[in-house]
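Novice: Got a file for you: final.pdb, PDB, C-alpha atoms (C1' of nucleotides).
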ATOM      1  CA  MET A1396      83.308  96.164 125.179
ATOM      2  CA  ARG A1397      83.620  94.007 122.086
ATOM      3  CA  ARG A1398      83.962  90.493 123.336
ATOM      4  CA  ASP A1399      83.442  87.648 120.945
ATOM      5  CA  ILE A1400      85.223  84.399 120.293
ATOM      6  CA  PHE A1401      87.477  85.924 117.639
ATOM      7  CA  GLN A1402      88.739  88.524 120.059
ATOM      8  CA  ALA A1403      89.146  85.771 122.639
ATOM      9  CA  ILE A1404      91.465  83.679 120.476
ATOM     10  CA  ALA A1405      93.431  86.697 119.249
ATOM     11  CA  ASP A1406      95.761  86.498 122.225
ATOM     12  CA  PRO A1407      98.394  83.716 122.065
ATOM     13  CA  THR A1408      98.260  83.101 125.829
ATOM     14  CA  ARG A1409      94.507  82.578 125.641
ATOM     15  CA  ARG A1410      94.904  80.191 122.710
ATOM     16  CA  ALA A1411      97.429  78.248 124.765
ATOM     17  CA  ILE A1412      95.068  78.174 127.760
ATOM     18  CA  ILE A1413      92.275  76.879 125.547
ATOM     19  CA  ALA A1414      94.492  74.118 124.199
ATOM     20  CA  LEU A1415      95.750  73.331 127.687
ATOM     21  CA  ILE A1416      92.358  72.769 129.290
ATOM     22  CA  ALA A1417      90.808  71.152 126.234
ATOM     23  CA  MET A1418      91.472  67.654 127.524
ATOM     24  CA  GLN A1419      91.121  68.193 131.273
ATOM     25  CA  ALA A1420      89.854  70.871 133.614
ATOM     26  CA  MET A1421      92.503  72.840 135.483
ATOM     27  CA  THR A1422      92.804  75.408 138.277
ATOM     28  CA  PRO A1423      94.204  78.913 137.647
ATOM     29  CA  ASN A1424      97.344  78.092 139.611
ATOM     30  CA  ALA A1425      97.966  74.906 137.641
ATOM     31  CA  ILE A1426      97.435  76.811 134.388
ATOM     32  CA  ALA A1427      99.712  79.664 135.438
ATOM     33  CA  GLU A1428     102.554  77.202 136.044
ATOM     34  CA  HIS A1429     102.653  76.634 132.288
ATOM     35  CA  PHE A1430     103.241  80.291 131.520
ATOM     36  CA  ASP A1431     105.819  82.954 132.154
ATOM     37  CA  THR A1432     103.315  85.322 133.728
ATOM     38  CA  SER A1433     101.532  85.915 137.000
ATOM     39  CA  ARG A1434      98.566  83.988 138.337
ATOM     40  CA  GLN A1435      96.549  87.201 138.273
ATOM     41  CA  SER A1436      97.099  87.775 134.576
ATOM     42  CA  ILE A1437      95.961  84.205 133.900
ATOM     43  CA  SER A1438      92.932  84.960 136.037
ATOM     44  CA  LYS A1439      92.132  87.915 133.812
ATOM     45  CA  HIS A1440      92.406  85.768 130.700
ATOM     46  CA  LEU A1441      90.116  83.213 132.305
ATOM     47  CA  ARG A1442      87.578  85.931 133.007
ATOM     48  CA  ILE A1443      87.616  87.033 129.373
ATOM     49  CA  LEU A1444      87.230  83.443 128.198
ATOM     50  CA  SER A1445      84.366  82.994 130.671
ATOM     51  CA  GLU A1446      82.623  86.124 129.434
ATOM     52  CA  CYS A1447      82.841  84.717 125.904
ATOM     53  CA  GLU A1448      81.431  81.472 127.307
ATOM     54  CA  ILE A1449      84.316  79.502 125.868
ATOM     55  CA  ILE A1450      85.074  78.069 129.283
ATOM     56  CA  ASN A1451      83.076  77.063 132.335
ATOM     57  CA  SER A1452      84.093  76.598 135.922
ATOM     58  CA  ASN A1453      83.112  74.519 138.883
ATOM     59  CA  GLN A1454      84.336  75.067 142.388
ATOM     60  CA  GLU A1455      85.706  72.267 144.526
ATOM     61  CA  GLY A1456      86.509  73.542 147.983
ATOM     62  CA  ARG A1457      88.777  76.525 147.531
ATOM     63  CA  GLU A1458      89.871  75.385 144.095
ATOM     64  CA  ILE A1459      88.117  76.363 140.887
ATOM     65  CA  TYR A1460      88.368  74.081 137.904
ATOM     66  CA  TYR A1461      88.043  75.601 134.459
ATOM     67  CA  HIS A1462      87.124  73.493 131.481
ATOM     68  CA  LEU A1463      86.611  74.169 127.813
ATOM     69  CA  ASP A1464      83.166  74.357 126.235
ATOM     70  CA  ILE A1465      84.191  72.623 123.041
ATOM     71  CA  ASP A1466      80.946  73.538 121.284
ATOM     72  CA  LYS A1467      81.957  77.212 121.273
ATOM     73  CA  MET A1468      84.935  76.310 119.106
ATOM     74  CA  LYS A1469      82.461  75.279 116.447
ATOM     75  CA  GLU A1470      81.556  78.929 115.946
ATOM     76  CA  ILE A1471      84.975  79.538 114.433
ATOM     77  CA  ASP A1472      84.518  76.476 112.276
ATOM     78  CA  LYS A1473      81.170  77.831 111.169
ATOM     79  CA  TRP A1474      82.691  81.130 110.042
ATOM     80  CA  LEU A1475      85.430  79.248 108.236
ATOM     81  CA  GLU A1476      82.855  77.222 106.343
ATOM     82  CA  GLN A1477      82.404  79.861 103.620
ATOM     83  CA  PHE A1478      86.123  79.815 102.870
ATOM     84  CA  ARG A1479      86.434  76.066 103.076
ATOM     85  CA  LYS A1480      83.935  75.913 100.244
ATOM     86  CA  ILE A1481      86.203  78.135  98.157
ATOM     87  CA  TRP A1482      89.417  76.284  98.770
ATOM     88  CA  GLU A1483      87.751  72.945  98.119
ATOM     89  CA  ASP A1484      86.450  74.306  94.813
ATOM     90  CA  ARG A1485      89.972  75.444  93.985
ATOM     91  CA  TYR A1486      91.252  72.012  94.766
ATOM     92  CA  ASN A1487      88.684  70.334  92.547
ATOM     93  CA  GLU A1488      89.477  72.828  89.807
ATOM     94  CA  LEU A1489      93.155  71.971  90.065
ATOM     95  CA  ASP A1490      92.237  68.320  90.040
ATOM     96  CA  LYS A1491      90.357  68.795  86.790
ATOM     97  CA  VAL A1492      93.278  70.628  85.219
ATOM     98  CA  LEU A1493      95.670  67.861  86.178
ATOM     99  CA  GLU A1494      93.306  65.231  84.853
ATOM    100  CA  ASN A1495      93.006  67.057  81.555
ATOM    101  CA  LEU A1496      96.758  67.375  81.329
ATOM    102  CA  LYS A1497      97.038  63.643  81.760
ATOM    103  CA  LYS A1498      94.339  62.874  79.192
ATOM    104  CA  ASN A1499      95.616  65.243  76.534
ATOM    105  CA  LYS A1500      99.242  64.537  77.176
ATOM    106  CA  ASN A1501     100.016  64.560  73.448
ATOM    107  CA  GLU A1502      97.556  67.258  72.476
ATOM    108  CA  PRO A1503      98.826  70.426  74.173
ATOM    109  CA  ASN A1504      96.270  73.266  74.316
ATOM    110  CA  ILE A1505      97.820  75.949  72.126
TER     111      ILE A1505
ATOM    112  CA  MET B 275     104.247  94.111 116.762
ATOM    113  CA  ARG B 276     102.339  90.870 117.178
ATOM    114  CA  ARG B 277     100.655  90.322 113.880
ATOM    115  CA  ASP B 278      99.339  86.907 113.079
ATOM    116  CA  ILE B 279      96.221  85.629 111.390
ATOM    117  CA  PHE B 280      94.319  85.369 114.670
ATOM    118  CA  GLN B 281      94.929  89.000 115.460
ATOM    119  CA  ALA B 282      93.950  89.808 111.870
ATOM    120  CA  ILE B 283      90.519  88.206 112.140
ATOM    121  CA  ALA B 284      89.860  89.613 115.609
ATOM    122  CA  ASP B 285      88.424  92.793 114.150
ATOM    123  CA  PRO B 286      84.891  92.513 112.696
ATOM    124  CA  THR B 287      85.617  94.996 109.899
ATOM    125  CA  ARG B 288      88.606  92.936 108.802
ATOM    126  CA  ARG B 289      86.531  89.748 108.870
ATOM    127  CA  ALA B 290      83.977  91.493 106.672
ATOM    128  CA  ILE B 291      86.696  92.655 104.268
ATOM    129  CA  ILE B 292      88.022  89.118 104.034
ATOM    130  CA  ALA B 293      84.567  87.782 103.233
ATOM    131  CA  LEU B 294      83.956  90.604 100.765
ATOM    132  CA  ILE B 295      87.030  90.036  98.631
ATOM    133  CA  ALA B 296      86.936  86.253  98.926
ATOM    134  CA  MET B 297      85.107  85.890  95.637
ATOM    135  CA  GLN B 298      86.557  88.787  93.661
ATOM    136  CA  ALA B 299      89.407  91.270  94.004
ATOM    137  CA  MET B 300      88.417  94.807  94.927
ATOM    138  CA  THR B 301      89.959  98.268  95.243
ATOM    139  CA  PRO B 302      90.120 100.088  98.607
ATOM    140  CA  ASN B 303      87.484 102.584  97.466
ATOM    141  CA  ALA B 304      85.109  99.838  96.390
ATOM    142  CA  ILE B 305      85.622  98.062  99.699
ATOM    143  CA  ALA B 306      85.132 101.248 101.726
ATOM    144  CA  GLU B 307      81.743 101.788 100.092
ATOM    145  CA  HIS B 308      80.513  98.740 101.975
ATOM    146  CA  PHE B 309      81.424 100.172 105.347
ATOM    147  CA  ASP B 310      80.512 103.071 107.539
ATOM    148  CA  THR B 311      84.077 104.283 107.801
ATOM    149  CA  SER B 312      86.679 106.239 105.848
ATOM    150  CA  ARG B 313      88.722 104.952 102.924
ATOM    151  CA  GLN B 314      91.860 105.579 104.977
ATOM    152  CA  SER B 315      90.767 103.353 107.830
ATOM    153  CA  ILE B 316      90.028 100.604 105.307
ATOM    154  CA  SER B 317      93.497 101.199 103.919
ATOM    155  CA  LYS B 318      94.933 100.597 107.373
ATOM    156  CA  HIS B 319      93.017  97.340 107.691
ATOM    157  CA  LEU B 320      94.285  96.298 104.283
ATOM    158  CA  ARG B 321      97.829  96.984 105.372
ATOM    159  CA  ILE B 322      97.420  94.785 108.421
ATOM    160  CA  LEU B 323      95.897  92.010 106.324
ATOM    161  CA  SER B 324      98.768  92.379 103.856
ATOM    162  CA  GLU B 325     101.359  92.150 106.611
ATOM    163  CA  CYS B 326      99.701  88.920 107.715
ATOM    164  CA  GLU B 327      99.838  87.782 104.088
ATOM    165  CA  ILE B 328      96.131  87.050 104.105
ATOM    166  CA  ILE B 329      95.639  89.288 101.100
ATOM    167  CA  ASN B 330      97.672  90.222  98.033
ATOM    168  CA  SER B 331      97.447  93.163  95.713
ATOM    169  CA  ASN B 332      98.108  93.959  92.101
ATOM    170  CA  GLN B 333      98.132  97.408  90.637
ATOM    171  CA  GLU B 334      96.208  98.283  87.488
ATOM    172  CA  GLY B 335      96.894 101.860  86.504
ATOM    173  CA  ARG B 336      96.142 103.948  89.554
ATOM    174  CA  GLU B 337      93.861 101.321  91.029
ATOM    175  CA  ILE B 338      95.059  98.591  93.362
ATOM    176  CA  TYR B 339      93.108  95.346  93.506
ATOM    177  CA  TYR B 340      93.233  93.348  96.712
ATOM    178  CA  HIS B 341      92.393  89.692  96.711
ATOM    179  CA  LEU B 342      92.260  87.010  99.358
ATOM    180  CA  ASP B 343      94.952  84.367  99.707
ATOM    181  CA  ILE B 344      92.551  81.601 100.550
ATOM    182  CA  ASP B 345      95.349  79.242 101.596
ATOM    183  CA  LYS B 346      96.099  81.455 104.603
ATOM    184  CA  MET B 347      92.624  80.721 105.892
ATOM    185  CA  LYS B 348      93.686  77.117 106.185
ATOM    186  CA  GLU B 349      95.989  78.091 109.050
ATOM    187  CA  ILE B 350      92.949  78.771 111.198
ATOM    188  CA  ASP B 351      91.482  75.482 110.111
ATOM    189  CA  LYS B 352      94.722  73.796 111.052
ATOM    190  CA  TRP B 353      94.610  75.220 114.576
ATOM    191  CA  LEU B 354      90.980  74.138 114.915
ATOM    192  CA  GLU B 355      91.912  70.608 113.939
ATOM    193  CA  GLN B 356      92.887  69.635 117.499
ATOM    194  CA  PHE B 357      89.456  70.683 118.783
ATOM    195  CA  ARG B 358      87.555  69.193 115.885
ATOM    196  CA  LYS B 359      88.995  65.865 116.930
ATOM    197  CA  ILE B 360      87.562  66.353 120.412
ATOM    198  CA  TRP B 361      84.085  67.381 119.357
ATOM    199  CA  GLU B 362      83.859  64.560 116.849
ATOM    200  CA  ASP B 363      84.809  62.107 119.594
ATOM    201  CA  ARG B 364      82.105  63.602 121.779
ATOM    202  CA  TYR B 365      79.630  63.192 118.973
ATOM    203  CA  ASN B 366      80.541  59.554 118.423
ATOM    204  CA  GLU B 367      80.310  58.976 122.152
ATOM    205  CA  LEU B 368      76.800  60.446 122.194
ATOM    206  CA  ASP B 369      75.960  58.332 119.186
ATOM    207  CA  LYS B 370      76.975  55.213 121.051
ATOM    208  CA  VAL B 371      74.890  56.173 124.056
ATOM    209  CA  LEU B 372      71.833  56.738 121.879
ATOM    210  CA  GLU B 373      72.370  53.451 120.110
ATOM    211  CA  ASN B 374      72.593  51.612 123.408
ATOM    212  CA  LEU B 375      69.459  53.323 124.628
ATOM    213  CA  LYS B 376      67.672  52.073 121.534
ATOM    214  CA  LYS B 377      68.983  48.522 121.849
ATOM    215  CA  ASN B 378      68.240  48.173 125.532
ATOM    216  CA  LYS B 379      64.948  49.956 125.384
ATOM    217  CA  ASN B 380      63.343  47.417 127.699
ATOM    218  CA  GLU B 381      66.397  46.713 129.762
ATOM    219  CA  PRO B 382      67.165  49.905 131.648
ATOM    220  CA  ASN B 383      70.695  50.116 133.074
ATOM    221  CA  ILE B 384      70.614  49.688 136.867
TER     222      ILE B 384
ATOM    223  C1'  DA C 439      99.226 122.027  81.415
ATOM    224  C1'  DA C 440      95.718 122.019  84.980
ATOM    225  C1'  DT C 441      92.539 119.273  87.459
ATOM    226  C1'  DT C 442      90.561 115.157  89.235
ATOM    227  C1'  DT C 443      90.939 110.633  91.051
ATOM    228  C1'  DG C 444      92.911 106.641  93.716
ATOM    229  C1'  DC C 445      95.891 105.586  96.874
ATOM    230  C1'  DG C 446      99.363 105.118 101.055
ATOM    231  C1'  DA C 447     101.718 107.301 104.961
ATOM    232  C1'  DA C 448     102.185 110.177 108.952
ATOM    233  C1'  DA C 449     100.537 112.580 112.966
ATOM    234  C1'  DC C 450      97.362 112.645 116.241
ATOM    235  C1'  DC C 451      93.447 110.982 119.596
ATOM    236  C1'  DG C 452      90.552 108.419 122.804
ATOM    237  C1'  DA C 453      89.649 103.685 123.995
ATOM    238  C1'  DT C 454      91.250  99.231 124.916
ATOM    239  C1'  DT C 455      94.721  95.786 126.009
ATOM    240  C1'  DA C 456      97.785  92.799 128.719
ATOM    241  C1'  DG C 457     100.365  93.042 132.302
ATOM    242  C1'  DT C 458     101.725  94.353 137.350
ATOM    243  C1'  DT C 459     101.038  95.185 142.359
ATOM    244  C1'  DG C 460      98.290  95.153 146.313
ATOM    245  C1'  DC C 461      94.374  93.858 148.387
ATOM    246  C1'  DA C 462      90.089  91.125 150.398
ATOM    247  C1'  DC C 463      87.885  86.909 151.265
ATOM    248  C1'  DA C 464      86.858  82.130 151.750
ATOM    249  C1'  DT C 465      88.601  77.481 152.528
ATOM    250  C1'  DA C 466      91.976  74.306 154.299
ATOM    251  C1'  DT C 467      95.509  73.123 157.684
ATOM    252  C1'  DA C 468      98.434  73.602 161.912
TER     253       DA C 468
ATOM    254  C1'  DT D  37      92.215  80.053 166.735
ATOM    255  C1'  DA D  38      96.159  81.355 163.936
ATOM    256  C1'  DT D  39      98.251  80.581 159.608
ATOM    257  C1'  DA D  40      98.682  79.097 154.886
ATOM    258  C1'  DT D  41      96.586  78.519 150.452
ATOM    259  C1'  DG D  42      93.593  79.456 146.279
ATOM    260  C1'  DT D  43      91.223  82.730 144.245
ATOM    261  C1'  DG D  44      88.976  87.150 142.216
ATOM    262  C1'  DC D  45      89.017  92.081 141.930
ATOM    263  C1'  DA D  46      90.508  96.972 141.677
ATOM    264  C1'  DA D  47      93.912 100.429 140.569
ATOM    265  C1'  DC D  48      97.587 101.584 137.852
ATOM    266  C1'  DT D  49     100.840 101.567 133.606
ATOM    267  C1'  DA D  50     102.937 101.243 129.061
ATOM    268  C1'  DA D  51     101.755  99.683 124.660
ATOM    269  C1'  DT D  52      98.592  99.008 121.057
ATOM    270  C1'  DC D  53      94.268  99.688 118.432
ATOM    271  C1'  DG D  54      90.939 101.690 115.334
ATOM    272  C1'  DG D  55      89.700 105.757 113.796
ATOM    273  C1'  DT D  56      90.213 110.750 111.860
ATOM    274  C1'  DT D  57      92.517 114.542 109.451
ATOM    275  C1'  DT D  58      96.002 116.083 106.576
ATOM    276  C1'  DC D  59      99.289 115.497 103.294
ATOM    277  C1'  DG D  60     102.043 113.914  99.021
ATOM    278  C1'  DC D  61     102.351 111.406  94.896
ATOM    279  C1'  DA D  62     101.246 109.038  90.676
ATOM    280  C1'  DA D  63      97.882 108.012  87.092
ATOM    281  C1'  DA D  64      93.873 109.475  84.521
ATOM    282  C1'  DT D  65      91.002 113.073  82.551
ATOM    283  C1'  DT D  66      89.958 117.715  80.906
TER     284       DT D  66
END
Show the structure stored in the file as structure tokens.
Specialist:
Amino acid sequence: MRRDIFQAIADPTRRAIIALIAMQAMTPNAIAEHFDTSRQSISKHLRILSECEIINSNQEGREIYYHLDIDKMKEIDKWLEQFRKIWEDRYNELDKVLENLKKNKNEPNI
Amino acid sequence: MRRDIFQAIADPTRRAIIALIAMQAMTPNAIAEHFDTSRQSISKHLRILSECEIINSNQEGREIYYHLDIDKMKEIDKWLEQFRKIWEDRYNELDKVLENLKKNKNEPNI
DNA sequence: AATTTGCGAAACCGATTAGTTGCACATATA
DNA sequence: TATATGTGCAACTAATCGGTTTCGCAAATT
């Protein structure tokens, strides 16, 4: 069973859950209230997120609070790093072009 | 058919394709040589990536060159933004704690 | 003109997915 | 103690996924 963070965030409901509990821990029931699906299906999503170690839980009585492990989100950021380098280079390149255009306003290149 | 950028990068082969063509456009055959799968399956991945508008293609004779639309990658970055804010806050918080520890080295709290 | 090459599309297949329903079990409340 | 509440898990289902095989077509090569 392939189960990494990219597969975890592929589902829109899971992305919404992640965003929802980012600021404060929540119980499955409380989370499910925000969605148009059953508590059990939310429970399944929570299990997947747990297996990916994106979320953690701590039990309080009969309630279980799930909270985001924000550090795991950095893994996506890390993968994105290689592309960020490219688009920043592009931006600088464009910057240079614009600067040259400004400088040589009256000396068009060919 | 749900088909967004998050679903596109969920598959490891597609992530590898994205990384592969990030620097230079490539043909399906050239891409397939890097993987342990058929040209046709690569073609299917390319179609999905095209539908998500992550990649573009331009035909040269009978060859088709696929290249990355780096700007689409920014959409992932944009979604991450909300979490980046959180983990940077955490970091600053930790920084403050460490600074206080240093300052009050000989004055333990409590 | 005949053949080779590069490619996409369709049909098919087993595995996986996201959801449902029905249950079991522990904790809280009456 | 009996009931209500919060939860996870298993079985099932329709849809989707990633892959293969086969095909057709256009461009290059002979």
Novice: Set out as a Markdown table a contact list for chain C and chain B with a cut-off of 10 Å, giving each residue of chain C that qualifies its closest atom pair and distance in Å to one decimal, counting only C-alpha atoms (C1' of nucleotides), ordered by chain and rising residue number.
Specialist:
| residue | atom | partner | partner_atom | distance |
| --- | --- | --- | --- | --- |
| C:DT443 | C1' | B:Arg336 | CA | 8.6 |
| C:DG444 | C1' | B:Arg336 | CA | 5.9 |
| C:DC445 | C1' | B:Arg336 | CA | 7.5 |
| C:DG446 | C1' | B:Ser317 | CA | 7.6 |
| C:DA447 | C1' | B:Lys318 | CA | 9.8 |
Novice: Do you have, as JSON lines, the list of residues of stretch 442-466 of chain C lying at most 8 Å from stretch 38-59 of chain D, each with its nearest atom pair and that distance in Å to one decimal, counting all atoms listed in the file and ordered by chain then number?
Specialist:
{"residue": "C:DT454", "atom": "C1'", "partner": "D:DC53", "partner_atom": "C1'", "distance": 7.2}
{"residue": "C:DT455", "atom": "C1'", "partner": "D:DT52", "partner_atom": "C1'", "distance": 7.1}
{"residue": "C:DA466", "atom": "C1'", "partner": "D:DT41", "partner_atom": "C1'", "distance": 7.3}
Novice: Please compute the atom C1' of D:DT66-atom C1' of C:DT442 distance, one decimal, in Å.
Specialist: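 If I compute the distance from atom C1' of D:DT66 to atom C1' of C:DT442, I get 8.7 Å.
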Novice: Can you tell me how far atom CA of A:Ser1452 sits from atom CA of B:Asp369, in Å to one decimal?
Specialist: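 Interatomic distance, atom CA of A:Ser1452 to atom CA of B:Asp369: 26.1 Å.
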Novice: What are the nearest atom pairs, with distances in Å to one decimal, for all residues of chain B that come at most 8 Å from chain A, using all atoms listed in the file, set out by chain and rising residue number as a tab-separated table?
Specialist:
residue	atom	partner	partner_atom	distance
B:Phe280	CA	A:Ala1405	CA	4.8
B:Gln281	CA	A:Ala1405	CA	4.7
B:Ile283	CA	A:Phe1401	CA	6.7
B:Ala284	CA	A:Gln1402	CA	4.7
B:Asp285	CA	A:Gln1402	CA	7.3
B:Ala296	CA	A:Phe1478	CA	7.6
B:Ile344	CA	A:Trp1482	CA	6.4
B:Asp345	CA	A:Trp1482	CA	7.2
B:Met347	CA	A:Phe1478	CA	7.2
B:Lys348	CA	A:Arg1479	CA	8.0
B:Asp351	CA	A:Asp1472	CA	7.4
B:Leu354	CA	A:Asp1472	CA	7.4
B:Phe357	CA	A:Ile1465	CA	7.0
B:Arg358	CA	A:Lys1469	CA	8.0
B:Ile360	CA	A:Ile1465	CA	7.6
B:Trp361	CA	A:Ile1465	CA	6.4
Novice: What is the distance, in Å and to one decimal place, between atom CA of A:Cys1447 and atom CA of B:Glu367?
Specialist: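 Separation between atom CA of A:Cys1447 and atom CA of B:Glu367: 26.1 Å.
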Novice: Once the PyMOL selection byres ((chain B and resi 299) around 8) has been evaluated on this model, what residues remain selected, and can you format them as a list in words?
Specialist: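 That selection, the PyMOL selection byres ((chain B and resi 299) around 8), comes back as Ile295, Ala296, Met297, Gln298, Met300, Thr301, Tyr339, Tyr340, His341 and Leu342 of chain B.
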Novice: With only C-alpha atoms (C1' of nucleotides) as the atoms that count, which of A:Leu1496, A:Ala1425, A:Leu1415, A:Leu1444 lies nearest to chain D?
Specialist: A:Ala1425
Novice: Given the choices A:Glu1470, A:Ile1449, A:Lys1497, A:Ser1436, which gets closest to chain D if the distance is worked out from all atoms listed in the file?
Specialist: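 Checking each of A:Glu1470, A:Ile1449, A:Lys1497, A:Ser1436 against chain D, counting all atoms listed in the file, the winner is A:Ser1436.
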Novice: Edge lengths and centre in Å to one decimal, as AutoDock Vina command-line options, is what I'm after for the box along x, y and z that holds all listed atoms of stretch 1426-1438 of chain A once 5 Å is added on each side.
Specialist:
--center_x 99.4 --center_y 82.2 --center_z 134.9 --size_x 22.9 --size_y 21.1 --size_z 16.8
Novice: I'd like to know which of B:Asp363, B:Glu325, B:Glu307, B:Glu334 is closest to chain D, using only C-alpha atoms (C1' of nucleotides).
Specialist: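 Answer, going by the shortest atom-to-atom distance: B:Glu334.
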Novice: Which one is closest to A:Phe1430: A:Asn1495, A:Ser1445, A:Ile1412, A:Asn1487? Count all atoms listed in the file.
Specialist: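 Closest residue, counting all atoms listed in the file: A:Ile1412.
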